[in-house]
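Here is upload-v4.txt, consisting of compact mmCIF, C-alpha atoms:
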```
# COMPACT_ATOMS: atom_id res chain seq x y z
CA MET A 1 -24.43 31.21 25.39
CA ALA A 2 -26.81 28.61 24.03
CA ILE A 3 -25.55 26.16 21.47
CA GLY A 4 -27.92 25.98 18.52
CA VAL A 5 -28.50 23.29 15.93
CA ARG A 6 -28.41 24.09 12.24
CA PHE A 7 -30.47 22.04 9.84
CA ARG A 8 -29.94 21.70 6.09
CA ASP A 9 -31.23 19.58 3.24
CA PHE A 10 -29.79 16.05 3.12
CA VAL A 11 -27.34 15.59 0.29
CA PRO A 12 -26.36 11.96 -0.45
CA ASP A 13 -22.67 11.20 -0.03
CA GLU A 14 -21.04 11.49 -3.43
CA ASN A 15 -18.52 8.85 -2.38
CA GLN A 16 -21.15 6.31 -1.35
CA GLY A 17 -20.73 4.36 -4.59
CA GLU A 18 -16.95 4.44 -4.22
CA GLN A 19 -17.20 3.12 -0.66
CA GLY A 20 -19.49 0.33 -1.87
CA PHE A 21 -17.01 -0.52 -4.60
CA GLU A 22 -14.04 -0.69 -2.21
CA GLN A 23 -15.87 -3.00 0.18
CA LEU A 24 -16.83 -5.40 -2.59
CA PHE A 25 -13.46 -5.07 -4.31
CA LYS A 26 -11.56 -6.35 -1.27
CA LEU A 27 -13.71 -9.47 -1.17
CA PHE A 28 -13.50 -9.89 -4.94
CA MET A 29 -9.68 -9.84 -4.85
CA GLN A 30 -9.63 -12.58 -2.23
CA LEU A 31 -12.13 -14.70 -4.12
CA VAL A 32 -10.43 -14.33 -7.51
CA THR A 33 -7.21 -15.57 -5.90
CA ILE A 34 -8.95 -18.61 -4.41
CA THR A 35 -10.65 -19.38 -7.74
CA SER A 36 -7.32 -19.14 -9.60
CA GLY A 37 -8.35 -16.14 -11.67
CA ASP A 38 -11.83 -17.39 -12.59
CA VAL A 39 -13.82 -14.13 -12.59
CA GLY A 40 -17.19 -15.81 -13.16
CA GLU A 41 -16.79 -18.16 -10.21
CA ALA A 42 -15.51 -15.34 -7.99
CA LEU A 43 -18.57 -13.22 -8.83
CA GLN A 44 -20.88 -16.16 -8.12
CA TRP A 45 -19.33 -16.52 -4.66
CA LEU A 46 -19.64 -12.77 -4.15
CA ASN A 47 -23.33 -12.95 -5.05
CA GLU A 48 -23.82 -15.69 -2.45
CA LEU A 49 -22.07 -13.56 0.17
CA ASP A 50 -24.27 -10.63 -0.82
CA LYS A 51 -27.41 -12.72 -0.27
CA GLN A 52 -26.18 -13.85 3.13
CA TYR A 53 -24.72 -10.60 4.48
CA GLY A 54 -26.41 -7.84 2.48
CA LEU A 55 -23.27 -6.33 0.97
CA THR A 56 -25.16 -4.26 -1.60
CA ASN A 57 -28.18 -1.95 -1.39
CA ASP A 58 -30.67 -0.14 -3.59
CA ASP A 59 -28.13 2.57 -4.43
CA TYR A 60 -25.22 0.29 -5.35
CA GLY A 61 -25.78 -3.25 -6.58
CA MET A 62 -23.70 -6.05 -8.05
CA GLY A 63 -24.39 -4.77 -11.57
CA ASN A 64 -22.85 -1.42 -10.61
CA PHE A 65 -19.84 -3.20 -9.15
CA ILE A 66 -19.22 -5.27 -12.30
CA GLU A 67 -19.48 -2.17 -14.49
CA ASP A 68 -17.02 -0.33 -12.21
CA LEU A 69 -14.60 -3.25 -12.44
CA LYS A 70 -14.69 -2.87 -16.22
CA LYS A 71 -14.39 0.94 -16.17
CA LYS A 72 -11.44 0.85 -13.76
CA GLY A 73 -9.65 -1.72 -15.90
CA TYR A 74 -9.73 -4.66 -13.47
CA ILE A 75 -11.69 -7.05 -15.68
CA ASP A 76 -12.21 -7.39 -19.40
CA GLU A 77 -14.38 -9.45 -21.71
CA ASN A 78 -12.63 -12.21 -23.62
CA GLU A 79 -14.14 -11.93 -27.11
CA GLN A 80 -12.72 -15.31 -28.13
CA GLU A 81 -14.57 -17.01 -25.27
CA ARG A 82 -18.08 -15.61 -25.94
CA GLY A 83 -17.76 -12.61 -23.67
CA GLU A 84 -16.23 -14.52 -20.74
CA LEU A 85 -14.83 -12.14 -18.13
CA LYS A 86 -11.13 -12.28 -17.30
CA ILE A 87 -8.82 -10.33 -15.02
CA THR A 88 -6.34 -7.87 -16.53
CA PRO A 89 -2.59 -7.31 -15.92
CA LYS A 90 -3.63 -4.41 -13.67
CA THR A 91 -5.53 -6.88 -11.48
CA GLU A 92 -2.62 -9.34 -11.45
CA GLN A 93 -0.33 -6.61 -10.12
CA LYS A 94 -2.96 -5.51 -7.58
CA ILE A 95 -3.29 -9.09 -6.32
CA ARG A 96 0.48 -9.26 -5.77
CA LYS A 97 0.47 -5.96 -3.88
CA ASN A 98 -2.46 -7.08 -1.75
CA ALA A 99 -0.65 -10.31 -0.98
CA LEU A 100 2.43 -8.36 0.08
CA GLU A 101 0.40 -6.22 2.47
CA GLU A 102 -1.53 -9.19 3.82
CA VAL A 103 1.43 -11.53 4.31
CA PHE A 104 4.32 -9.23 5.12
CA GLY A 105 2.62 -6.00 6.21
CA LYS A 106 2.84 -2.69 4.40
CA LEU A 107 6.46 -2.07 3.43
CA LYS A 108 7.71 1.35 2.43
CA ARG A 109 9.65 1.54 -0.81
CA GLY A 110 13.35 1.78 0.06
CA ASN A 111 16.55 2.32 -1.84
CA THR A 112 17.86 -0.22 -4.31
CA GLY A 113 17.54 -3.28 -2.16
CA ASN A 114 20.21 -5.79 -1.47
CA HIS A 115 20.92 -8.11 1.42
CA ARG A 116 23.32 -6.90 4.08
CA THR A 117 26.29 -9.00 5.11
CA PRO A 118 28.05 -9.26 8.48
CA HIS A 119 31.02 -7.28 7.08
CA THR A 120 31.15 -3.68 8.31
CA GLY A 121 33.36 -0.68 7.64
CA GLN A 122 33.45 1.13 4.29
CA GLY A 123 30.28 -0.51 3.13
CA ASP A 124 27.39 0.43 0.87
CA GLU A 125 24.51 1.11 3.23
CA GLN A 126 24.16 2.61 6.71
CA SER A 127 22.89 0.37 9.48
CA THR A 128 21.16 1.31 12.71
CA ASP A 129 24.21 0.44 14.85
CA LEU A 130 26.44 3.12 16.41
CA ARG A 131 30.03 2.71 17.64
CA GLU A 132 33.08 4.80 18.61
CA PHE A 133 35.06 6.57 15.91
CA ARG A 134 38.01 4.64 14.44
CA PHE A 135 40.83 5.74 12.20
CA GLY A 136 39.73 5.43 8.59
CA ASP A 137 36.04 6.23 9.19
CA SER A 138 34.64 8.83 6.79
CA LEU A 139 33.22 12.17 7.91
CA GLU A 140 29.84 11.19 6.48
CA GLN A 141 29.58 8.39 9.05
CA ILE A 142 29.94 10.70 12.07
CA GLN A 143 26.62 11.25 13.83
CA MET A 144 26.79 14.86 15.02
CA THR A 145 23.81 14.83 17.39
CA GLU A 146 25.09 11.82 19.33
CA SER A 147 28.69 13.12 19.28
CA ILE A 148 27.75 16.57 20.65
CA ARG A 149 25.65 14.94 23.36
CA ASN A 150 28.65 12.82 24.35
CA ALA A 151 30.84 15.95 24.52
CA GLN A 152 28.36 17.70 26.81
CA LEU A 153 28.17 14.66 29.10
CA ASN A 154 31.93 14.09 29.12
CA HIS A 155 33.19 17.69 29.38
CA GLY A 156 30.22 19.82 30.39
CA MET A 157 29.45 23.28 29.06
CA ASP A 158 31.56 26.13 30.52
CA GLY A 159 30.19 29.38 29.11
CA ASP A 160 31.15 29.71 25.49
CA ASN A 161 33.76 26.97 25.74
CA PHE A 162 32.85 23.76 24.00
CA MET A 163 35.23 20.83 23.65
CA LEU A 164 34.78 17.89 21.28
CA THR A 165 37.41 15.17 21.31
CA GLU A 166 37.92 12.04 19.25
CA GLY A 167 36.60 9.96 22.12
CA ASP A 168 33.24 11.76 21.91
CA LEU A 169 32.65 10.89 18.29
CA GLU A 170 30.13 8.25 17.34
CA VAL A 171 29.76 6.83 13.85
CA ARG A 172 27.08 4.77 12.19
CA GLU A 173 28.16 1.41 10.87
CA ASN A 174 28.11 0.79 7.13
CA GLU A 175 27.04 -2.59 5.91
CA HIS A 176 28.11 -4.23 2.68
CA LYS A 177 25.33 -5.33 0.39
CA SER A 178 24.99 -8.48 -1.60
CA GLN A 179 22.67 -9.77 -4.29
CA THR A 180 20.69 -12.95 -3.84
CA SER A 181 19.15 -15.32 -6.38
CA THR A 182 16.22 -17.32 -5.06
CA VAL A 183 14.20 -20.11 -6.58
CA LEU A 184 10.81 -20.67 -4.95
CA MET A 185 9.45 -24.20 -5.44
CA ILE A 186 5.71 -24.73 -4.93
CA ASP A 187 4.20 -28.18 -4.57
CA ILE A 188 1.05 -28.51 -6.74
CA SER A 189 0.40 -32.19 -6.07
CA HIS A 190 -3.14 -33.30 -5.29
CA SER A 191 -2.53 -33.40 -1.55
CA MET A 192 -2.38 -29.58 -1.50
CA ILE A 193 -6.20 -29.56 -1.55
CA LEU A 194 -6.97 -32.86 0.16
CA TYR A 195 -8.77 -33.36 3.48
CA GLY A 196 -10.84 -30.19 3.10
CA GLU A 197 -7.88 -27.87 3.53
CA ASP A 198 -6.87 -25.36 0.88
CA ARG A 199 -3.07 -25.23 1.05
CA ILE A 200 -2.38 -23.93 -2.44
CA THR A 201 -3.97 -20.50 -1.93
CA PRO A 202 -1.69 -19.54 1.00
CA ALA A 203 1.30 -20.87 -0.98
CA LYS A 204 0.28 -18.70 -3.96
CA LYS A 205 -0.12 -15.65 -1.74
CA VAL A 206 3.32 -16.16 -0.23
CA ALA A 207 4.86 -16.50 -3.70
CA MET A 208 3.11 -13.35 -4.94
CA ALA A 209 4.07 -11.41 -1.82
CA LEU A 210 7.70 -12.51 -2.06
CA ALA A 211 7.80 -11.54 -5.74
CA GLU A 212 6.43 -8.09 -4.95
CA LEU A 213 8.85 -7.71 -2.02
CA VAL A 214 11.83 -8.49 -4.25
CA LYS A 215 10.56 -6.06 -6.88
CA GLN A 216 10.05 -3.21 -4.40
CA LYS A 217 12.87 -3.57 -1.89
CA TYR A 218 15.49 -5.76 -3.56
CA PRO A 219 15.32 -4.97 -7.29
CA LYS A 220 18.85 -6.31 -7.85
CA ASP A 221 17.84 -9.73 -6.53
CA SER A 222 16.30 -12.36 -8.77
CA LEU A 223 13.34 -14.60 -7.98
CA ASP A 224 12.36 -17.58 -10.13
CA VAL A 225 9.20 -19.56 -9.37
CA ILE A 226 8.77 -23.20 -10.31
CA VAL A 227 5.99 -25.66 -9.60
CA PHE A 228 6.31 -29.40 -9.25
CA GLY A 229 3.90 -32.32 -9.47
CA ASN A 230 4.68 -35.31 -11.68
CA ASP A 231 7.09 -32.96 -13.48
CA ALA A 232 8.50 -29.51 -12.77
CA TRP A 233 8.32 -26.35 -14.83
CA GLN A 234 8.99 -22.67 -14.45
CA ILE A 235 6.15 -20.16 -14.34
CA GLU A 236 6.07 -16.39 -14.67
CA VAL A 237 5.18 -14.24 -11.67
CA LYS A 238 2.18 -12.91 -13.60
CA ASP A 239 0.84 -16.49 -13.82
CA LEU A 240 0.71 -17.01 -10.04
CA PRO A 241 -2.93 -15.94 -9.53
CA TYR A 242 -4.00 -18.67 -11.99
CA LEU A 243 -2.01 -21.46 -10.35
CA GLN A 244 -4.02 -24.63 -9.63
CA VAL A 245 -3.38 -28.01 -8.07
CA GLY A 246 -3.45 -30.95 -10.47
CA PRO A 247 -3.95 -34.72 -10.17
CA TYR A 248 -0.25 -35.08 -9.56
CA HIS A 249 2.17 -37.01 -7.39
CA THR A 250 5.17 -35.21 -5.85
CA ASN A 251 8.31 -35.27 -7.99
CA THR A 252 10.62 -33.34 -5.69
CA VAL A 253 13.64 -34.53 -7.67
CA ALA A 254 12.40 -32.82 -10.86
CA GLY A 255 11.79 -29.62 -8.92
CA LEU A 256 15.25 -29.61 -7.38
CA GLU A 257 16.95 -30.40 -10.68
CA LEU A 258 15.21 -27.49 -12.39
CA ALA A 259 15.92 -25.13 -9.48
CA MET A 260 19.62 -25.98 -9.50
CA ASP A 261 19.80 -25.54 -13.29
CA LEU A 262 18.29 -22.05 -12.98
CA LEU A 263 20.66 -21.04 -10.19
CA ARG A 264 23.76 -22.28 -12.03
CA LYS A 265 23.05 -19.63 -14.66
CA ARG A 266 22.93 -16.84 -12.08
CA LYS A 267 26.14 -14.89 -11.39
CA THR A 268 25.14 -13.63 -7.95
CA PRO A 269 27.19 -14.60 -4.87
CA ASN A 270 24.18 -15.82 -2.90
CA LYS A 271 21.94 -18.59 -4.19
CA GLN A 272 19.15 -20.37 -2.36
CA ILE A 273 16.10 -22.57 -2.81
CA PHE A 274 12.83 -22.19 -0.90
CA MET A 275 10.56 -25.22 -1.11
CA ILE A 276 6.91 -25.09 0.01
CA THR A 277 5.40 -28.56 0.26
CA ASP A 278 2.98 -30.58 2.34
CA GLY A 279 4.17 -34.08 1.61
CA LYS A 280 6.85 -36.57 0.84
CA PRO A 281 8.45 -37.23 -2.57
CA THR A 282 6.42 -39.94 -4.31
CA CYS A 283 7.43 -39.80 -7.96
CA LEU A 284 10.40 -40.04 -10.31
CA LYS A 285 10.57 -39.68 -14.07
CA GLU A 286 12.38 -42.55 -15.76
CA PRO A 287 13.08 -43.35 -19.43
CA GLY A 288 10.10 -45.70 -19.58
CA GLY A 289 7.65 -43.41 -17.78
CA TYR A 290 6.93 -42.45 -14.18
CA TYR A 291 7.89 -44.39 -11.08
CA LYS A 292 5.23 -43.69 -8.40
CA ASN A 293 4.62 -44.86 -4.88
CA SER A 294 2.37 -42.93 -2.50
CA PHE A 295 2.57 -45.48 0.33
CA GLY A 296 5.14 -44.62 2.97
CA LEU A 297 8.63 -43.39 2.20
CA ASP A 298 9.92 -45.18 -0.90
CA ARG A 299 13.70 -45.52 -0.50
CA LYS A 300 14.29 -45.35 -4.25
CA VAL A 301 12.62 -41.94 -4.42
CA VAL A 302 13.99 -40.72 -1.09
CA ASN A 303 17.59 -41.67 -1.88
CA LYS A 304 17.57 -39.79 -5.17
CA THR A 305 16.07 -36.77 -3.39
CA LEU A 306 18.79 -36.92 -0.73
CA ASN A 307 21.48 -37.21 -3.41
CA LEU A 308 20.25 -33.95 -4.92
CA ALA A 309 20.27 -32.29 -1.49
CA ALA A 310 23.93 -33.26 -1.18
CA ALA A 311 24.69 -32.04 -4.72
CA ALA A 312 23.14 -28.66 -3.90
CA ARG A 313 25.28 -28.44 -0.79
CA ARG A 314 28.45 -29.08 -2.82
CA ILE A 315 27.72 -26.10 -5.05
CA LYS A 316 26.76 -23.98 -2.01
CA ILE A 317 23.02 -23.78 -2.60
CA PRO A 318 21.15 -24.09 0.71
CA ILE A 319 17.59 -25.39 0.64
CA THR A 320 15.00 -24.11 3.09
CA THR A 321 11.98 -26.39 3.36
CA PHE A 322 8.63 -25.07 4.55
CA MET A 323 6.67 -28.21 5.45
CA ILE A 324 3.01 -27.31 5.95
CA THR A 325 2.13 -30.52 7.71
CA SER A 326 3.15 -32.09 11.01
CA ASP A 327 3.19 -35.85 10.37
CA PRO A 328 6.06 -37.31 12.45
CA TYR A 329 7.35 -39.65 9.73
CA LEU A 330 7.45 -36.75 7.26
CA GLN A 331 9.33 -34.63 9.76
CA LYS A 332 11.93 -37.39 10.02
CA PHE A 333 12.44 -37.31 6.25
CA VAL A 334 12.71 -33.50 6.23
CA GLU A 335 15.23 -33.62 9.06
CA GLU A 336 17.37 -36.07 7.09
CA PHE A 337 17.03 -33.99 3.92
CA THR A 338 17.99 -30.80 5.80
CA GLU A 339 20.99 -32.44 7.48
CA VAL A 340 22.34 -33.67 4.14
CA ASN A 341 21.97 -30.23 2.58
CA GLN A 342 22.95 -28.27 5.71
CA GLY A 343 19.96 -26.06 5.02
CA LYS A 344 16.98 -25.20 7.18
CA ALA A 345 13.49 -26.55 7.75
CA TYR A 346 10.31 -25.11 9.18
CA TYR A 347 7.17 -26.99 10.15
CA SER A 348 4.53 -24.36 9.67
CA GLY A 349 0.82 -23.98 9.76
CA LEU A 350 -0.74 -22.13 6.86
CA LYS A 351 -1.27 -19.01 8.95
CA GLY A 352 2.40 -18.47 9.78
CA LEU A 353 3.86 -19.52 6.44
CA GLY A 354 4.33 -16.04 5.00
CA GLN A 355 6.10 -14.64 8.03
CA LEU A 356 8.54 -17.56 8.08
CA VAL A 357 9.41 -17.12 4.40
CA PHE A 358 9.87 -13.39 4.87
CA GLU A 359 12.09 -13.70 7.93
CA ASP A 360 14.26 -16.35 6.33
CA TYR A 361 14.67 -14.30 3.17
CA LYS A 362 15.71 -11.27 5.20
CA LYS A 363 18.24 -13.25 7.25
CA ASN A 364 20.24 -14.38 4.21
CA ARG A 365 22.72 -11.52 4.26
CA ARG A 366 26.04 -13.24 3.84
CA LYS A 367 28.37 -12.87 0.87
CA SER A 368 28.68 -16.62 0.53
CA LEU A 369 26.03 -18.96 1.83
```
Write-out of the structure in C-alpha cells:
Amino acid sequence: MAIGVRFRDFVPDENQGEQGFEQLFKLFMQLVTITSGDVGEALQWLNELDKQYGLTNDDYGMGNFIEDLKKKGYIDENEQERGELKITPKTEQKIRKNALEEVFGKLKRGNTGNHRTPHTGQGDEQSTDLREFRFGDSLEQIQMTESIRNAQLNHGMDGDNFMLTEGDLEVRENEHKSQTSTVLMIDISHSMILYGEDRITPAKKVAMALAELVKQKYPKDSLDVIVFGNDAWQIEVKDLPYLQVGPYHTNTVAGLELAMDLLRKRKTPNKQIFMITDGKPTCLKEPGGYYKNSFGLDRKVVNKTLNLAAAARRIKIPITTFMITSDPYLQKFVEEFTEVNQGKAYYSGLKGLGQLVFEDYKKNRRKSL
C-alpha cells in the first residue's frame, strides 16, 4: 500500500508570538536582575542582543514584546517619573522563582517545611529510612509491602498458609522537625564589582532563591536579609532585585551586630547567620565618624570582628561564611574567624555559591545548634 502525502494551506502558528515572548522574556528577566531593576537599561541591552543575534523578526518585534510585558502585568509606567518603565510586584516574585530554579533546581512544593533533627521515634515527619519493628512503634509506621516481602522470604508460601511475625515487620523512621531562623548578610562594598567581575548579581540570586525556598518548603522558618557596607541595614525580600553595590568599605562588625539583634528576637530553637562576602573587614563606626583602613588586615577592625564571632558563639549562633575570593591572607582571617565562632567557612567561586548555601541550609537539622 502506497503512502501518500496530503497537502493543505499553510496556517501560521497561533502560538508564534507567545514563543517569541517567552524567548525574550527569559533574557529580559536575567538582564533586569543584573541592572538592579532598571527596565530601561535592561531593554537597551536586549535591543543590542537583538541586533547581534536576531532575536526578533518581522512577525514579532521588540515593540510587541514591550506591549506584552505591559499587558501581562510585568512592567508598568511610573507616572511620577515621566512615563519611566518599572517592574511590578508580579515581576519581583517571578525573579525570585526563576532564581530558585536556576540556583537550586526545580523544587516541588512539599508539606509545611521544617528542618529534621537527628532524633527519631515518635516524630513529626516520615523519613526514607527503614528499620525493624520495635515496641512502641505505631501501626501507621509499618510498611506493609516490605513486611510482606520479608515474610515470603523468611517463611515461604505454603498454599493458602501465610505467616507474618514480628521479626518480618519493617517500619519507616519518623523524624522530629525544628524551626530555623536565618539571617543572610550580603556584602555590598565596592569590591563586589571591582576587577571586572560582577559578584553582587550571583549574591542577589542566591538570596532571592533562598527566600523563595524558605517560603515554599519551610514556611515556618524565618529569613531576614541584611546588607553591609560602611553601615548595615535590613532590607525586604521584595527589594532584592534592586540591590546595588555602593562606594562602601566593609563594616562586618555592623552587619554582625544587626544580625545578632534580629536573631535575639526570634523564639526558634535554631538560629544561624550566613555571610556572603568577598573581602576583609575594613571599617568601623565610632562616635566621631568612621574608622577605615583598606590596606592589609587592620588589627583594630579584625579584633572587634573576632570578638563578635565569640559573642555569637556564646549565645549559640553559628556563622557560616561564604568567601567568594581565594586570597591566602583572607583565608587565614576567615579561618581564625570560623575557629572563634565554631562555625563553618566555604571558599567558593561564583558558580558554586548557590549550591553551597542550599546544602548548608538543608544540613542544619538539629534542635540546638
TODO: Provide the CA of Lys217 in chain A to CA of Gly37 in chain A distance in Å, to one decimal place.
DONE: 26.5 Å
- [ ] Could you please give me, as a ChimeraX atom specification, the residues of protein, DNA or RNA lying at most 8 Å from (9.3, -32.2, -11.0) in the coordinate frame of the file, considering all atoms listed in the file?
- [x] /A:227-233,250-258,284
Open item on the list: Calculated over only C-alpha atoms, which of the candidates A:Gln141, A:Thr33, A:Ser348, A:Gln19 has the smallest distance to Ile87 in chain A?
Closed with: A:Thr33
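From CA of Val245 in chain A back to CA of Glu84 in chain A, the distance works out to 22.5 Å.
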Task: Exercise: Asn341 in chain A partners within 6 Å, only C-alpha atoms, chain neighbours under 3 positions left out, as a ChimeraX atom specification - done: /A:309-310,313,338
TODO: Compare A:Val171, A:Leu100, A:Leu356, A:Ile315 by their minimum atom-to-atom distance to Ala207 in chain A, counting all atoms listed in the file, and give me the closest one.
DONE: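 Looking at the shortest contact to Ala207 in chain A, the residue is A:Leu100.
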Open item on the list: Just want the 10 Å neighbourhood of Arg149 in chain A, counted on only C-alpha atoms, with same-chain residues fewer than 4 positions away dropped. Output as a list in words.
Closed with: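 The neighbour list is Met144, Thr145, Leu153, Asn154, Gly156, Leu164, Asp168 and Leu169 of chain A.
With all atoms listed in the file as the atoms that count, the residue of A:Glu170, A:Glu77, A:Asp58, A:Asp50 with the shortest distance to Ser138 in chain A is A:Glu170.
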Open item on the list: Can you measure CA of Asn78 in chain A to CA of Gln244 in chain A for me? One decimal in Å is fine.
Closed with: 20.6 Å
Open item on the list: Using all atoms listed in the file, which protein or nucleic acid residues come within 12 Å of Asp360 in chain A? Drop anything in the same chain fewer than 3 positions from it, and give the result as a PyMOL selection string.
Closed with: chain A and resi 115+182+210+272-274+318-322+343-346+353-357+363-365
Task: Counting all atoms listed in the file, the residue of A:Glu146, A:Asn57, A:Phe333, A:Leu85 that sits nearest Glu41 in chain A - done: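 So, comparing all the options, the nearest one is A:Leu85.
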